[in-house]
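Printed here is query-v5.txt (compact mmCIF, C-alpha atoms):
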```txt
# COMPACT_ATOMS: atom_id res chain seq x y z
CA MET A 5 0.00 0.00 0.00
CA PRO A 6 1.46 3.44 -0.89
CA PRO A 7 2.42 5.58 2.11
CA GLU A 8 -0.23 8.20 1.32
CA GLN A 9 -2.94 5.53 1.41
CA SER A 10 -1.72 4.00 4.65
CA ARG A 11 -2.05 7.41 6.34
CA ARG A 12 -5.52 8.12 5.01
CA PRO A 13 -8.05 8.33 7.89
CA ALA A 14 -11.19 6.26 7.93
CA VAL A 15 -14.25 8.20 6.79
CA VAL A 16 -17.66 7.79 8.41
CA SER A 17 -20.69 9.82 7.29
CA GLY A 18 -18.37 12.00 5.22
CA ARG A 19 -16.16 12.92 8.17
CA PRO A 20 -12.74 11.48 9.08
CA VAL A 21 -12.63 9.32 12.19
CA LEU A 22 -9.34 9.66 14.03
CA SER A 23 -7.70 6.71 15.67
CA ALA A 24 -5.48 7.05 18.71
CA ALA A 25 -2.44 6.60 16.47
CA GLU A 26 -3.58 9.47 14.23
CA VAL A 27 -3.60 12.05 17.01
CA GLY A 28 0.18 11.90 17.27
CA GLY A 29 1.84 15.01 18.57
CA SER A 30 -0.95 15.77 21.04
CA ARG A 31 -0.53 15.65 24.79
CA TRP A 32 -2.31 12.28 24.75
CA SER A 33 -0.12 10.38 22.30
CA ALA A 34 2.53 9.04 24.67
CA PRO A 35 0.27 8.29 27.69
CA TRP A 36 -2.35 6.64 25.49
CA ALA A 37 0.23 4.48 23.75
CA GLY A 38 1.09 3.22 27.22
CA VAL A 39 -2.58 2.56 28.03
CA LEU A 40 -3.13 0.45 24.91
CA ALA A 41 0.18 -1.39 25.37
CA ALA A 42 -0.66 -2.19 29.00
CA VAL A 43 -4.02 -3.72 28.05
CA ILE A 44 -2.55 -5.72 25.15
CA ASP A 45 0.44 -7.01 27.13
CA ARG A 46 -1.50 -8.06 30.23
CA ALA A 47 -4.37 -9.57 28.22
CA HIS A 48 -2.12 -12.27 26.75
CA LEU A 49 -2.02 -14.19 30.06
CA ALA A 50 -5.27 -12.94 31.58
CA THR A 51 -8.48 -14.81 32.37
CA GLY A 52 -11.91 -13.33 31.84
CA ASP A 53 -12.05 -12.42 35.54
CA GLU A 54 -9.19 -9.96 35.10
CA ILE A 55 -10.47 -7.84 32.20
CA SER A 56 -11.97 -4.98 34.21
CA GLU A 57 -8.97 -4.81 36.54
CA ILE A 58 -6.55 -4.65 33.61
CA VAL A 59 -8.45 -1.83 31.90
CA ASP A 60 -9.02 0.06 35.16
CA ASP A 61 -5.31 -0.11 36.03
CA ALA A 62 -4.29 1.03 32.53
CA VAL A 63 -6.53 4.12 32.34
CA ALA A 64 -5.37 5.42 35.71
CA ALA A 65 -2.36 6.84 33.84
CA VAL A 66 -4.66 9.18 31.88
CA GLY A 67 -6.87 10.24 34.77
CA MET A 68 -9.79 7.81 34.66
CA THR A 69 -11.34 4.73 36.16
CA ALA A 70 -13.04 2.09 34.01
CA GLU A 71 -15.86 -0.43 34.10
CA VAL A 72 -16.36 -3.00 31.33
CA LEU A 73 -19.97 -4.02 30.66
CA MET A 74 -21.09 -6.80 28.32
CA VAL A 75 -24.55 -7.08 26.78
CA ASN A 76 -26.50 -10.24 27.53
CA LEU A 77 -27.74 -12.58 24.80
CA ALA A 78 -31.23 -11.10 25.09
CA GLN A 79 -29.70 -7.65 24.35
CA GLN A 80 -31.79 -6.18 27.14
CA SER A 81 -29.16 -5.59 29.85
CA LEU A 82 -25.55 -4.47 30.17
CA LEU A 83 -23.68 -6.43 32.86
CA SER A 84 -20.35 -5.69 34.53
CA VAL A 85 -17.73 -8.35 33.78
CA ARG A 86 -15.97 -7.61 37.08
CA PRO A 87 -16.22 -10.62 39.46
CA LEU A 88 -18.40 -10.33 42.57
CA THR A 89 -20.40 -7.41 41.19
CA THR A 90 -24.06 -7.28 40.23
CA GLN A 91 -24.12 -4.05 38.23
CA ARG A 92 -26.88 -4.19 35.62
CA ILE A 93 -27.98 -1.38 33.32
CA ASP A 94 -31.02 -1.63 31.08
CA VAL A 95 -30.38 -1.19 27.37
CA ASP A 96 -33.65 0.72 26.99
CA GLY A 97 -34.09 4.04 28.74
CA THR A 98 -30.50 4.65 29.92
CA LEU A 99 -27.55 6.66 28.66
CA ALA A 100 -25.34 3.56 28.62
CA GLY A 101 -28.05 1.71 26.70
CA ARG A 102 -28.34 4.50 24.16
CA SER A 103 -24.57 4.34 23.65
CA PHE A 104 -24.95 0.62 22.92
CA GLN A 105 -27.98 1.02 20.65
CA HIS A 106 -26.64 3.81 18.46
CA SER A 107 -22.86 3.33 18.79
CA GLU A 108 -22.45 6.79 20.25
CA SER A 109 -20.01 8.06 22.86
CA LEU A 110 -22.17 9.84 25.44
CA ILE A 111 -21.26 11.86 28.51
CA GLY A 112 -23.20 11.93 31.77
CA THR A 113 -22.46 11.95 35.49
CA ASP A 114 -22.00 9.23 38.09
CA PRO A 115 -23.73 9.30 41.53
CA GLY A 116 -20.81 11.34 42.89
CA GLY A 117 -21.22 14.05 40.24
CA HIS A 118 -18.12 13.07 38.24
CA ARG A 119 -18.22 13.00 34.45
CA LEU A 120 -18.97 9.50 33.17
CA LEU A 121 -18.30 8.73 29.50
CA TRP A 122 -20.03 5.75 27.91
CA VAL A 123 -18.21 4.39 24.86
CA PRO A 124 -19.62 1.57 22.67
CA SER A 125 -17.43 -1.53 22.67
CA LEU A 126 -17.37 -3.53 19.42
CA ASP A 127 -15.56 -6.63 18.21
CA GLY A 128 -15.29 -5.65 14.56
CA THR A 129 -18.90 -4.53 14.15
CA GLU A 130 -20.37 -7.04 16.63
CA ARG A 131 -21.82 -5.08 19.56
CA VAL A 132 -20.14 -6.43 22.69
CA GLY A 133 -21.28 -3.87 25.25
CA VAL A 134 -20.04 -0.52 26.56
CA LEU A 135 -17.01 0.84 28.36
CA GLY A 136 -17.79 3.20 31.24
CA LEU A 137 -15.01 5.73 31.91
CA THR A 138 -15.17 8.03 34.94
CA LEU A 139 -13.13 11.17 34.23
CA HIS A 140 -11.05 13.01 36.81
CA ASP A 141 -11.61 16.78 37.00
CA ASP A 142 -8.45 17.66 35.06
CA VAL A 143 -9.26 15.48 32.04
CA VAL A 144 -10.02 17.53 28.91
CA ASP A 145 -12.87 15.95 26.96
CA ASP A 146 -12.12 16.89 23.35
CA GLU A 147 -12.03 15.23 19.93
CA GLU A 148 -8.60 13.72 20.43
CA PHE A 149 -9.59 12.33 23.82
CA ARG A 150 -12.75 10.74 22.38
CA ALA A 151 -10.71 9.19 19.56
CA CYS A 152 -8.41 7.55 22.10
CA CYS A 153 -11.36 6.28 24.16
CA TRP A 154 -12.92 4.82 20.99
CA SER A 155 -9.69 2.94 20.20
CA LEU A 156 -9.51 1.63 23.76
CA ALA A 157 -13.16 0.48 23.70
CA GLY A 158 -12.50 -1.38 20.44
CA LEU A 159 -9.52 -3.13 21.95
CA VAL A 160 -11.59 -4.07 25.01
CA GLY A 161 -14.30 -5.51 22.75
CA HIS A 162 -11.74 -7.78 21.06
CA VAL A 163 -10.36 -8.90 24.43
CA VAL A 164 -13.78 -9.67 25.91
CA MET A 165 -14.80 -11.84 22.95
CA ALA A 166 -11.43 -13.62 22.93
CA LYS A 167 -11.72 -14.48 26.63
CA LEU A 168 -15.40 -15.45 26.28
CA ALA A 169 -14.33 -18.55 24.37
CA TYR A 170 -12.44 -19.84 27.44
CA SER A 171 -14.53 -18.58 30.35
CA ASP A 172 -17.61 -20.34 31.69
CA ARG A 173 -18.19 -17.41 34.06
CA LEU A 174 -18.37 -14.92 31.19
CA ARG A 175 -20.63 -17.28 29.28
CA ARG A 176 -22.96 -17.60 32.27
CA LEU A 177 -22.95 -13.83 32.63
CA ARG A 178 -23.72 -13.33 28.95
CA CYS A 179 -26.54 -15.87 29.09
CA ASP A 180 -27.98 -14.15 32.18
CA GLY A 181 -30.06 -17.25 32.81
CA ASP A 182 -30.21 -20.93 31.92
CA LEU A 183 -29.87 -22.05 28.33
CA SER A 184 -31.53 -25.21 27.14
CA THR A 185 -29.13 -27.84 25.77
CA ALA A 186 -30.34 -27.16 22.23
CA ALA A 187 -29.86 -23.40 22.65
CA GLU A 188 -26.35 -23.91 24.05
CA MET A 189 -25.49 -25.98 20.98
CA LEU A 190 -26.93 -23.52 18.47
CA TRP A 191 -25.35 -20.40 20.00
CA GLN A 192 -21.95 -22.09 19.71
CA LEU A 193 -22.73 -22.96 16.09
CA VAL A 194 -23.82 -19.60 14.66
CA PRO A 195 -21.33 -16.87 13.69
CA PRO A 196 -21.28 -13.44 15.44
CA ARG A 197 -24.54 -11.56 15.11
CA THR A 198 -23.06 -8.75 12.99
CA PHE A 199 -20.33 -8.39 10.38
CA ALA A 200 -19.77 -5.52 7.96
CA THR A 201 -17.51 -4.20 5.25
CA GLU A 202 -17.87 -1.00 3.24
CA ARG A 203 -20.02 -2.92 0.76
CA VAL A 204 -22.23 -5.12 2.88
CA VAL A 205 -23.71 -5.47 6.36
CA VAL A 206 -24.97 -8.82 7.65
CA THR A 207 -26.74 -9.21 10.98
CA GLY A 208 -28.69 -12.10 12.49
CA LEU A 209 -30.84 -12.88 15.50
CA LEU A 210 -32.19 -15.99 17.23
CA GLU A 211 -35.23 -16.06 19.54
CA PRO A 212 -36.15 -17.23 22.08
CA TRP A 213 -32.48 -16.73 22.92
CA ASP A 214 -32.57 -19.14 25.88
CA ARG A 215 -34.77 -21.89 24.39
CA VAL A 216 -34.16 -21.79 20.65
CA ALA A 217 -34.27 -25.39 19.45
CA GLY A 218 -34.09 -25.78 15.68
CA ASP A 219 -33.45 -22.37 14.11
CA ALA A 220 -30.10 -21.03 12.97
CA TYR A 221 -28.52 -18.52 10.63
CA ASP A 222 -25.15 -18.64 8.93
CA TYR A 223 -22.94 -16.46 6.75
CA ALA A 224 -19.40 -16.31 5.42
CA ILE A 225 -17.67 -13.40 3.69
CA ASP A 226 -14.57 -13.70 1.53
CA ASP A 227 -13.49 -10.84 -0.72
CA HIS A 228 -16.58 -9.97 -2.81
CA VAL A 229 -18.56 -13.15 -2.06
CA VAL A 230 -21.13 -13.42 0.74
CA ASP A 231 -22.70 -16.81 1.50
CA LEU A 232 -25.94 -16.62 3.50
CA ALA A 233 -28.36 -19.13 5.00
CA VAL A 234 -31.26 -19.47 7.42
CA TYR A 235 -32.49 -22.80 8.77
CA ASP A 236 -35.54 -24.09 10.64
CA GLY A 237 -35.40 -27.68 11.89
CA VAL A 238 -38.79 -29.34 12.29
CA GLY A 239 -39.82 -29.71 15.93
CA HIS A 240 -39.03 -27.89 19.17
CA ASP A 241 -36.63 -30.25 20.89
CA LEU A 242 -33.02 -31.37 20.94
CA SER A 243 -33.58 -33.58 17.89
CA ALA A 244 -34.56 -30.47 15.90
CA GLY A 245 -31.34 -28.79 17.03
CA LEU A 246 -29.29 -31.82 16.04
CA ALA A 247 -30.86 -31.90 12.59
CA THR A 248 -30.21 -28.17 12.12
CA THR A 249 -26.63 -28.56 13.34
CA LEU A 250 -26.09 -31.33 10.82
CA ALA A 251 -27.61 -29.21 8.01
CA VAL A 252 -25.48 -26.16 8.82
CA THR A 253 -22.34 -28.29 9.10
CA GLY A 254 -23.14 -30.15 5.88
CA VAL A 255 -23.59 -26.95 3.88
CA ARG A 256 -20.45 -25.40 5.38
CA ASN A 257 -18.38 -28.49 4.67
CA ALA A 258 -19.56 -28.77 1.08
CA ARG A 259 -18.97 -25.05 0.52
CA ARG A 260 -15.46 -25.08 2.02
CA ARG A 261 -14.40 -28.10 0.00
CA ALA A 262 -15.34 -26.41 -3.28
CA GLN A 263 -13.39 -23.83 -5.24
CA PRO A 264 -14.62 -20.34 -4.30
CA GLU A 265 -15.93 -19.44 -7.76
CA SER A 266 -17.61 -22.81 -8.36
CA VAL A 267 -19.94 -23.13 -5.39
CA ASP A 268 -23.33 -24.23 -6.67
CA LEU A 269 -26.27 -23.83 -4.28
CA VAL A 270 -28.11 -26.79 -5.78
CA GLU A 271 -25.06 -28.97 -5.18
CA LEU A 272 -24.77 -27.72 -1.58
CA ALA A 273 -28.41 -28.59 -0.95
CA THR A 274 -28.10 -31.99 -2.63
CA ARG A 275 -25.10 -32.99 -0.52
CA THR A 276 -26.93 -31.89 2.61
CA ASP A 277 -30.01 -33.88 1.57
CA ASP A 278 -27.86 -36.98 1.42
CA LEU A 279 -26.23 -36.24 4.77
CA LEU A 280 -29.57 -35.80 6.57
CA ALA A 281 -31.11 -38.81 4.84
CA GLU A 282 -28.24 -41.02 6.05
CA ARG A 283 -28.96 -40.17 9.67
CA PRO A 284 -30.45 -43.18 11.46
CA GLY A 285 -33.92 -43.01 12.96
CA PRO A 286 -37.02 -41.10 11.86
CA VAL A 287 -36.65 -38.65 9.01
CA ARG A 288 -35.79 -35.19 10.32
CA PHE A 289 -35.92 -32.40 7.78
CA VAL A 290 -34.83 -28.77 7.88
CA THR A 291 -36.33 -25.90 5.90
CA ALA A 292 -33.79 -23.40 4.61
CA VAL A 293 -32.87 -20.57 2.29
CA LEU A 294 -29.36 -20.70 0.84
CA ALA A 295 -28.04 -17.60 -0.91
CA ARG A 296 -24.88 -16.12 -2.38
CA LEU A 297 -24.32 -12.40 -3.04
CA ASP A 298 -21.65 -10.90 -5.28
CA THR A 299 -20.94 -7.52 -3.70
CA ARG A 300 -19.26 -6.22 -6.88
CA THR A 301 -22.39 -6.60 -9.01
CA GLY A 302 -25.30 -7.06 -6.61
CA MET A 303 -26.23 -10.38 -8.21
CA LEU A 304 -27.97 -12.66 -5.73
CA ASP A 305 -28.25 -16.39 -6.30
CA TYR A 306 -30.63 -18.19 -3.96
CA LEU A 307 -32.43 -21.47 -3.35
CA VAL A 308 -35.54 -22.00 -1.22
CA ALA A 309 -36.03 -25.35 0.51
CA GLY A 310 -39.49 -25.35 2.08
CA HIS A 311 -38.88 -22.00 3.79
CA PRO A 312 -40.53 -18.55 3.61
CA PRO A 313 -38.79 -16.62 0.79
CA PRO A 314 -36.80 -13.47 1.64
CA LEU A 315 -38.26 -9.96 1.43
CA LEU A 316 -36.62 -7.20 -0.63
CA VAL A 317 -36.53 -3.66 0.83
CA ARG A 318 -35.79 -0.85 -1.63
CA GLY A 319 -35.94 2.87 -0.92
CA GLY A 320 -37.22 2.26 2.59
CA HIS A 321 -40.14 0.10 1.44
CA ILE A 322 -40.58 -3.63 0.95
CA VAL A 323 -41.12 -3.96 -2.77
CA LYS A 324 -41.61 -7.69 -3.05
CA GLU A 325 -41.14 -11.20 -1.82
CA LEU A 326 -38.40 -12.76 -3.92
CA ASP A 327 -39.65 -14.92 -6.76
CA THR A 328 -39.41 -18.48 -5.67
CA VAL A 329 -39.65 -22.06 -6.74
CA ILE A 330 -40.07 -23.73 -3.36
CA GLY A 331 -38.34 -27.08 -3.29
CA PRO A 332 -38.65 -29.65 -0.51
CA PRO A 333 -36.91 -29.08 2.83
CA LEU A 334 -33.35 -30.28 3.23
CA GLY A 335 -33.32 -33.97 4.07
CA ILE A 336 -36.25 -34.83 1.81
CA LEU A 337 -34.83 -36.08 -1.47
CA PRO A 338 -36.51 -34.63 -4.57
CA ARG A 339 -38.59 -37.07 -6.58
CA GLU A 340 -36.79 -38.98 -9.31
CA GLY A 341 -36.39 -36.86 -12.40
CA HIS A 342 -36.69 -33.62 -10.41
CA ARG A 343 -33.90 -31.31 -9.30
CA ARG A 344 -33.77 -28.40 -6.91
CA THR A 345 -33.96 -25.03 -8.62
CA GLY A 346 -31.72 -22.05 -7.99
CA LEU A 347 -32.94 -18.53 -8.81
CA ARG A 348 -31.33 -15.11 -9.36
CA GLU A 349 -32.21 -11.55 -8.39
CA GLN A 350 -30.38 -8.40 -9.45
CA LEU A 351 -30.11 -6.06 -6.46
CA GLU A 352 -29.78 -2.30 -6.67
CA PRO A 353 -27.34 -0.29 -4.54
CA GLY A 354 -28.93 0.37 -1.15
CA ASP A 355 -31.16 -2.72 -1.21
CA ARG A 356 -31.88 -4.63 1.98
CA LEU A 357 -32.80 -8.32 2.20
CA LEU A 358 -34.72 -9.78 5.13
CA PHE A 359 -34.62 -13.55 5.70
CA TYR A 360 -36.95 -14.85 8.40
CA SER A 361 -38.48 -18.04 9.79
CA ASP A 362 -42.17 -18.68 10.33
CA GLY A 363 -41.80 -18.15 14.08
CA ILE A 364 -41.76 -14.40 13.36
CA VAL A 365 -44.91 -14.06 11.28
CA GLU A 366 -46.84 -16.83 13.10
CA ALA A 367 -46.34 -15.38 16.60
CA ARG A 368 -49.84 -15.10 18.12
CA ASP A 369 -51.21 -12.68 20.69
CA ALA A 370 -53.76 -13.56 23.38
CA THR A 371 -56.61 -13.36 20.84
CA GLY A 372 -54.86 -15.66 18.38
CA SER A 373 -53.95 -12.87 15.96
CA PHE A 374 -50.71 -13.47 14.02
CA PHE A 375 -47.87 -10.95 14.05
CA GLY A 376 -48.02 -11.48 10.30
CA VAL A 377 -46.09 -10.37 7.26
CA GLU A 378 -47.84 -6.97 7.21
CA ARG A 379 -46.55 -6.05 10.69
CA LEU A 380 -43.11 -7.34 9.75
CA VAL A 381 -43.16 -5.19 6.61
CA ASP A 382 -44.41 -2.10 8.48
CA PHE A 383 -41.82 -2.41 11.24
CA THR A 384 -38.97 -2.93 8.80
CA GLU A 385 -39.99 0.07 6.70
CA ARG A 386 -40.30 2.37 9.72
CA ALA A 387 -36.90 1.24 11.02
CA GLU A 388 -35.29 1.97 7.66
CA LEU A 389 -36.88 5.42 7.47
CA SER A 390 -35.60 6.09 11.01
CA ARG A 391 -32.11 5.10 9.83
CA LEU A 392 -31.63 2.54 12.55
CA SER A 393 -28.62 0.28 12.15
CA ALA A 394 -29.33 -3.25 10.97
CA PRO A 395 -28.53 -4.92 14.35
CA GLU A 396 -30.61 -2.38 16.26
CA THR A 397 -33.50 -2.92 13.83
CA LEU A 398 -33.44 -6.66 14.55
CA ARG A 399 -33.12 -6.13 18.31
CA ARG A 400 -36.22 -3.92 18.34
CA LEU A 401 -38.10 -6.18 15.94
CA ALA A 402 -37.49 -9.17 18.22
CA ALA A 403 -38.79 -7.12 21.17
CA ALA A 404 -41.91 -6.23 19.18
CA VAL A 405 -42.56 -9.88 18.30
CA LEU A 406 -42.07 -10.91 21.93
CA ALA A 407 -44.42 -8.17 23.15
CA HIS A 408 -47.04 -9.29 20.62
CA GLN A 409 -46.86 -12.80 22.06
CA GLY A 410 -46.87 -11.84 25.73
CA ASP A 411 -43.07 -11.96 26.09
CA ARG A 412 -42.87 -15.68 25.37
CA LEU A 413 -42.41 -17.02 21.85
CA GLN A 414 -44.24 -20.25 21.11
CA ASP A 415 -41.91 -21.11 18.22
CA ASP A 416 -38.31 -20.43 17.25
CA ALA A 417 -37.78 -17.23 15.30
CA THR A 418 -34.79 -16.34 13.13
CA LEU A 419 -33.97 -13.11 11.33
CA LEU A 420 -31.09 -12.39 8.97
CA MET A 421 -30.76 -8.92 7.46
CA VAL A 422 -28.40 -8.02 4.62
CA ASP A 423 -27.68 -4.48 3.36
CA TRP A 424 -25.79 -4.12 0.09
CA PHE A 425 -23.62 -1.20 -0.95
CA ALA A 426 -25.32 1.53 1.04
CA ASP A 427 -24.34 3.67 4.02
CA SER A 428 -25.57 0.98 6.40
CA HIS A 429 -22.05 0.25 7.63
CA GLU A 430 -21.70 3.88 8.71
CA ARG A 431 -24.55 3.46 11.18
CA LEU A 432 -22.54 0.82 13.05
CA LEU A 433 -19.74 3.21 14.01
CA PRO A 434 -19.70 6.65 15.67
CA SER A 435 -20.38 9.46 13.21
CA ARG A 436 -18.21 11.77 15.29
CA ILE A 437 -15.68 11.21 18.03
```
Please rewrite the model in this file as structure tokens.
Amino acid sequence: MPPEQSRRPAVVSGRPVLSAAEVGGSRWSAPWAGVLAAVIDRAHLATGDEISEIVDDAVAAVGMTAEVLMVNLAQQSLLSVRPLTTQRIDVDGTLAGRSFQHSESLIGTDPGGHRLLWVPSLDGTERVGVLGLTLHDDVVDDEEFRACCWSLAGLVGHVVMAKLAYSDRLRRLRCDGDLSTAAEMLWQLVPPRTFATERVVVTGLLEPWDRVAGDAYDYAIDDHVVDLAVYDGVGHDLSAGLATTLAVTGVRNARRRAQPESVDLVELATRTDDLLAERPGPVRFVTAVLARLDTRTGMLDYLVAGHPPPLLVRGGHIVKELDTVIGPPLGILPREGHRRTGLREQLEPGDRLLFYSDGIVEARDATGSFFGVERLVDFTERAELSRLSAPETLRRLAAAVLAHQGDRLQDDATLLMVDWFADSHERLLPSRI
């Protein structure tokens, strides 16, 4: 990369976003280099129990104290990762929660009247939680300071997610309740809820987060190719989860064994059909949508296997349900002489795709009324017009579906949202530091 490109600042919403390294020459450059180095160096040999202590010790050098909070799987509460504490902050209706929802750095006061800065903590673009920084009186809160805090919060997000893989305590904290065996299995199977590049944003959601049994989403992004999938295993028990796990693993394995430019969705589905059919015992099938998006051209290839087809949002409005030839669910071999059918759709820049399972639209209220496609369409359109980020749209949509059903889903519900070549990625990061 030429030197002039390597020095070019990131641009968000038309404005440059400074990193801590790019504020060199300021009074913060040397102290903040020490802060980041201290966190990185100590994190190598740290357990999850030590994260808050490490960060708190490091920021003392720049006149602050720190508290690391992680969002729970339900995305309703922010919980301190410090051992032997019970600090809990609601995501809705609080300054810390607003920082999490909108990826904004927000200043308030603590009970003692000191300035308290909430900074969103992300692992890539996956929302991990928030970093609470209490500022001493002599700390100057300016653009350079906010840039350094943003870099620190990003580092903390990476550390938290790295340690989560090895810490049962952090996993229990994140679950904030008991997971069913099937839910435990599926949460370990699915990728992070959100990933983004400058060309595409992908975000997914599973509900009920603690009892999901047979639903799953999946995606993989390499260069200009995005592979996408949603699954719904028949039933509401561990067997449904096992069938879904086998389907996800079968598709992944077939995809990874192929050459990148030669992945055929029909072939992926056919191999997975065979894998599920070979499983001993009663036939267990899985409905699914498999898709592949070329982010250079906007060409979408997709295949529907007994599942609701995706919705296409354009210009803030849902313009159609994708044309579909609905084949049988995965695990049910097509009749002799028949073959699964793949379809194509040309997207336009700024388009949004919404994949969902029937647990969303078939959620019933106390009178038996479905949540329905019309409510799903209306909510999605209003969220787009409000310029909510994709992950925040899904978080609020899940809350609306739960409220419709009396806060307890009767069926698994999966959502996968994909934004192509718009400014959607900009909504995931602070517009100003």
Please write as a compact mmCIF listing (two decimals) with C-alpha atoms, in the coordinates of the input the list of polymer residues whose atoms come within 10 Å of (-18.4, -0.7, 20.0), counting all atoms listed in the file and keeping to the coordinates of the file.
```txt
# COMPACT_ATOMS: atom_id res chain seq x y z
CA SER A 103 -24.57 4.34 23.65
CA PHE A 104 -24.95 0.62 22.92
CA GLN A 105 -27.98 1.02 20.65
CA HIS A 106 -26.64 3.81 18.46
CA SER A 107 -22.86 3.33 18.79
CA GLU A 108 -22.45 6.79 20.25
CA SER A 109 -20.01 8.06 22.86
CA VAL A 123 -18.21 4.39 24.86
CA PRO A 124 -19.62 1.57 22.67
CA SER A 125 -17.43 -1.53 22.67
CA LEU A 126 -17.37 -3.53 19.42
CA ASP A 127 -15.56 -6.63 18.21
CA GLY A 128 -15.29 -5.65 14.56
CA THR A 129 -18.90 -4.53 14.15
CA GLU A 130 -20.37 -7.04 16.63
CA ARG A 131 -21.82 -5.08 19.56
CA VAL A 132 -20.14 -6.43 22.69
CA GLY A 133 -21.28 -3.87 25.25
CA VAL A 134 -20.04 -0.52 26.56
CA LEU A 135 -17.01 0.84 28.36
CA TRP A 154 -12.92 4.82 20.99
CA SER A 155 -9.69 2.94 20.20
CA LEU A 156 -9.51 1.63 23.76
CA ALA A 157 -13.16 0.48 23.70
CA GLY A 158 -12.50 -1.38 20.44
CA LEU A 159 -9.52 -3.13 21.95
CA VAL A 160 -11.59 -4.07 25.01
CA GLY A 161 -14.30 -5.51 22.75
CA HIS A 162 -11.74 -7.78 21.06
CA LEU A 432 -22.54 0.82 13.05
CA LEU A 433 -19.74 3.21 14.01
CA PRO A 434 -19.70 6.65 15.67
```
Practice prompt. Excluding Ile111 in chain A and any residue of its chain fewer than 5 positions from it, enumerate the residues within 8 Å of it, using only C-alpha atoms, and give them as a ChimeraX atom specification.
Written response: /A:119-122
Worksheet item: Quick one: of A:Arg275, A:Arg368, A:His140, A:Arg86, who's nearest to Val63 in chain A, counting all atoms listed in the file?
Response: A:His140
Worksheet item: Can you tell me, as number ranges by chain, what residues are no more than 12 Å from range 171-173 of chain A when counting all atoms listed in the file, ignoring any on the same chain fewer than 5 positions away?
Response: A: 50-55, 84-88, 164-166, 178-181
Worksheet entry | Answer as JSON, numbers by chain, residues within 12 Å of (-26.8, -7.2, 3.3) using only C-alpha atoms | {"A": [198, 199, 200, 201, 202, 203, 204, 205, 206, 207, 208, 223, 224, 225, 229, 230, 231, 232, 295, 296, 297, 298, 299, 302, 303, 304, 314, 315, 316, 317, 351, 352, 353, 354, 355, 356, 357, 358, 359, 393, 394, 395, 420, 421, 422, 423, 424, 425, 426, 427, 428, 429]}
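Residue nearest Glu388 in chain A, chosen from A:Ala151, A:Val329, A:Ile322, A:Leu419 and counting only C-alpha atoms: A:Ile322.
Between Arg391 in chain A and the candidates A:Asn257, A:Gly319, A:Gly218, A:Asp369, the tightest atom-to-atom separation, counting only C-alpha atoms, involves A:Gly319.
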Discussion item. With all atoms listed in the file as the counted atoms, please give the residues lying no more than 8 Å from range 31-44 of chain A, apart from itself and same-chain residues fewer than 6 positions off, as a PyMOL selection string.
Written reply: chain A and resi 24-25+58-59+62-63+65-66+148-149+152+156+159
Worksheet item: What separation in Å, quoted to one decimal, exists between CA of Ser81 in chain A and CA of Ala403 in chain A?
Response: 13.1 Å
Residues of range 293-360 of chain A at most 8 Å from range 268-272 of chain A: nearest atom pair and distance in Å, only C-alpha atoms, as a Markdown table:
```
| residue | atom | partner | partner_atom | distance |
| --- | --- | --- | --- | --- |
| A:Leu294 | CA | A:Leu269 | CA | 6.7 |
| A:Ala295 | CA | A:Leu269 | CA | 7.3 |
| A:Asp305 | CA | A:Leu269 | CA | 8.0 |
| A:Tyr306 | CA | A:Leu269 | CA | 7.1 |
| A:Leu307 | CA | A:Leu269 | CA | 6.7 |
| A:Arg344 | CA | A:Val270 | CA | 6.0 |
| A:Thr345 | CA | A:Val270 | CA | 6.7 |
| A:Gly346 | CA | A:Val270 | CA | 6.4 |
```
Would you save the residues of that selection, restricted to C-alpha atoms, as a CSV table (one decimal), keeping the file's coordinate frame?
```csv
chain,number,residue,atom,x,y,z
A,294,LEU,CA,-29.4,-20.7,0.8
A,295,ALA,CA,-28.0,-17.6,-0.9
A,305,ASP,CA,-28.2,-16.4,-6.3
A,306,TYR,CA,-30.6,-18.2,-4.0
A,307,LEU,CA,-32.4,-21.5,-3.4
A,344,ARG,CA,-33.8,-28.4,-6.9
A,345,THR,CA,-34.0,-25.0,-8.6
A,346,GLY,CA,-31.7,-22.0,-8.0
```
When you look at Gly363 in chain A with a cut-off of 10 Å (counting only C-alpha atoms), what residues show up, excluding the ones that are within fewer than 3 positions of it in the same chain? I need them as a PDB file with C-alpha atoms, in the frame of the given file.
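Final output, result-v9.pdb:
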```pdb
ATOM      1  CA  GLU A 211     -35.230 -16.060  19.540  1.00  0.00           C
ATOM      2  CA  PRO A 212     -36.150 -17.230  22.080  1.00  0.00           C
ATOM      3  CA  ASP A 219     -33.450 -22.370  14.110  1.00  0.00           C
ATOM      4  CA  ASP A 236     -35.540 -24.090  10.640  1.00  0.00           C
ATOM      5  CA  TYR A 360     -36.950 -14.850   8.400  1.00  0.00           C
ATOM      6  CA  GLU A 366     -46.840 -16.830  13.100  1.00  0.00           C
ATOM      7  CA  ALA A 367     -46.340 -15.380  16.600  1.00  0.00           C
ATOM      8  CA  ARG A 368     -49.840 -15.100  18.120  1.00  0.00           C
ATOM      9  CA  PHE A 375     -47.870 -10.950  14.050  1.00  0.00           C
ATOM     10  CA  GLY A 376     -48.020 -11.480  10.300  1.00  0.00           C
ATOM     11  CA  VAL A 405     -42.560  -9.880  18.300  1.00  0.00           C
ATOM     12  CA  LEU A 413     -42.410 -17.020  21.850  1.00  0.00           C
ATOM     13  CA  GLN A 414     -44.240 -20.250  21.110  1.00  0.00           C
ATOM     14  CA  ASP A 415     -41.910 -21.110  18.220  1.00  0.00           C
ATOM     15  CA  ASP A 416     -38.310 -20.430  17.250  1.00  0.00           C
ATOM     16  CA  ALA A 417     -37.780 -17.230  15.300  1.00  0.00           C
ATOM     17  CA  THR A 418     -34.790 -16.340  13.130  1.00  0.00           C
ATOM     18  CA  LEU A 419     -33.970 -13.110  11.330  1.00  0.00           C
TER      19      LEU A 419
END
```
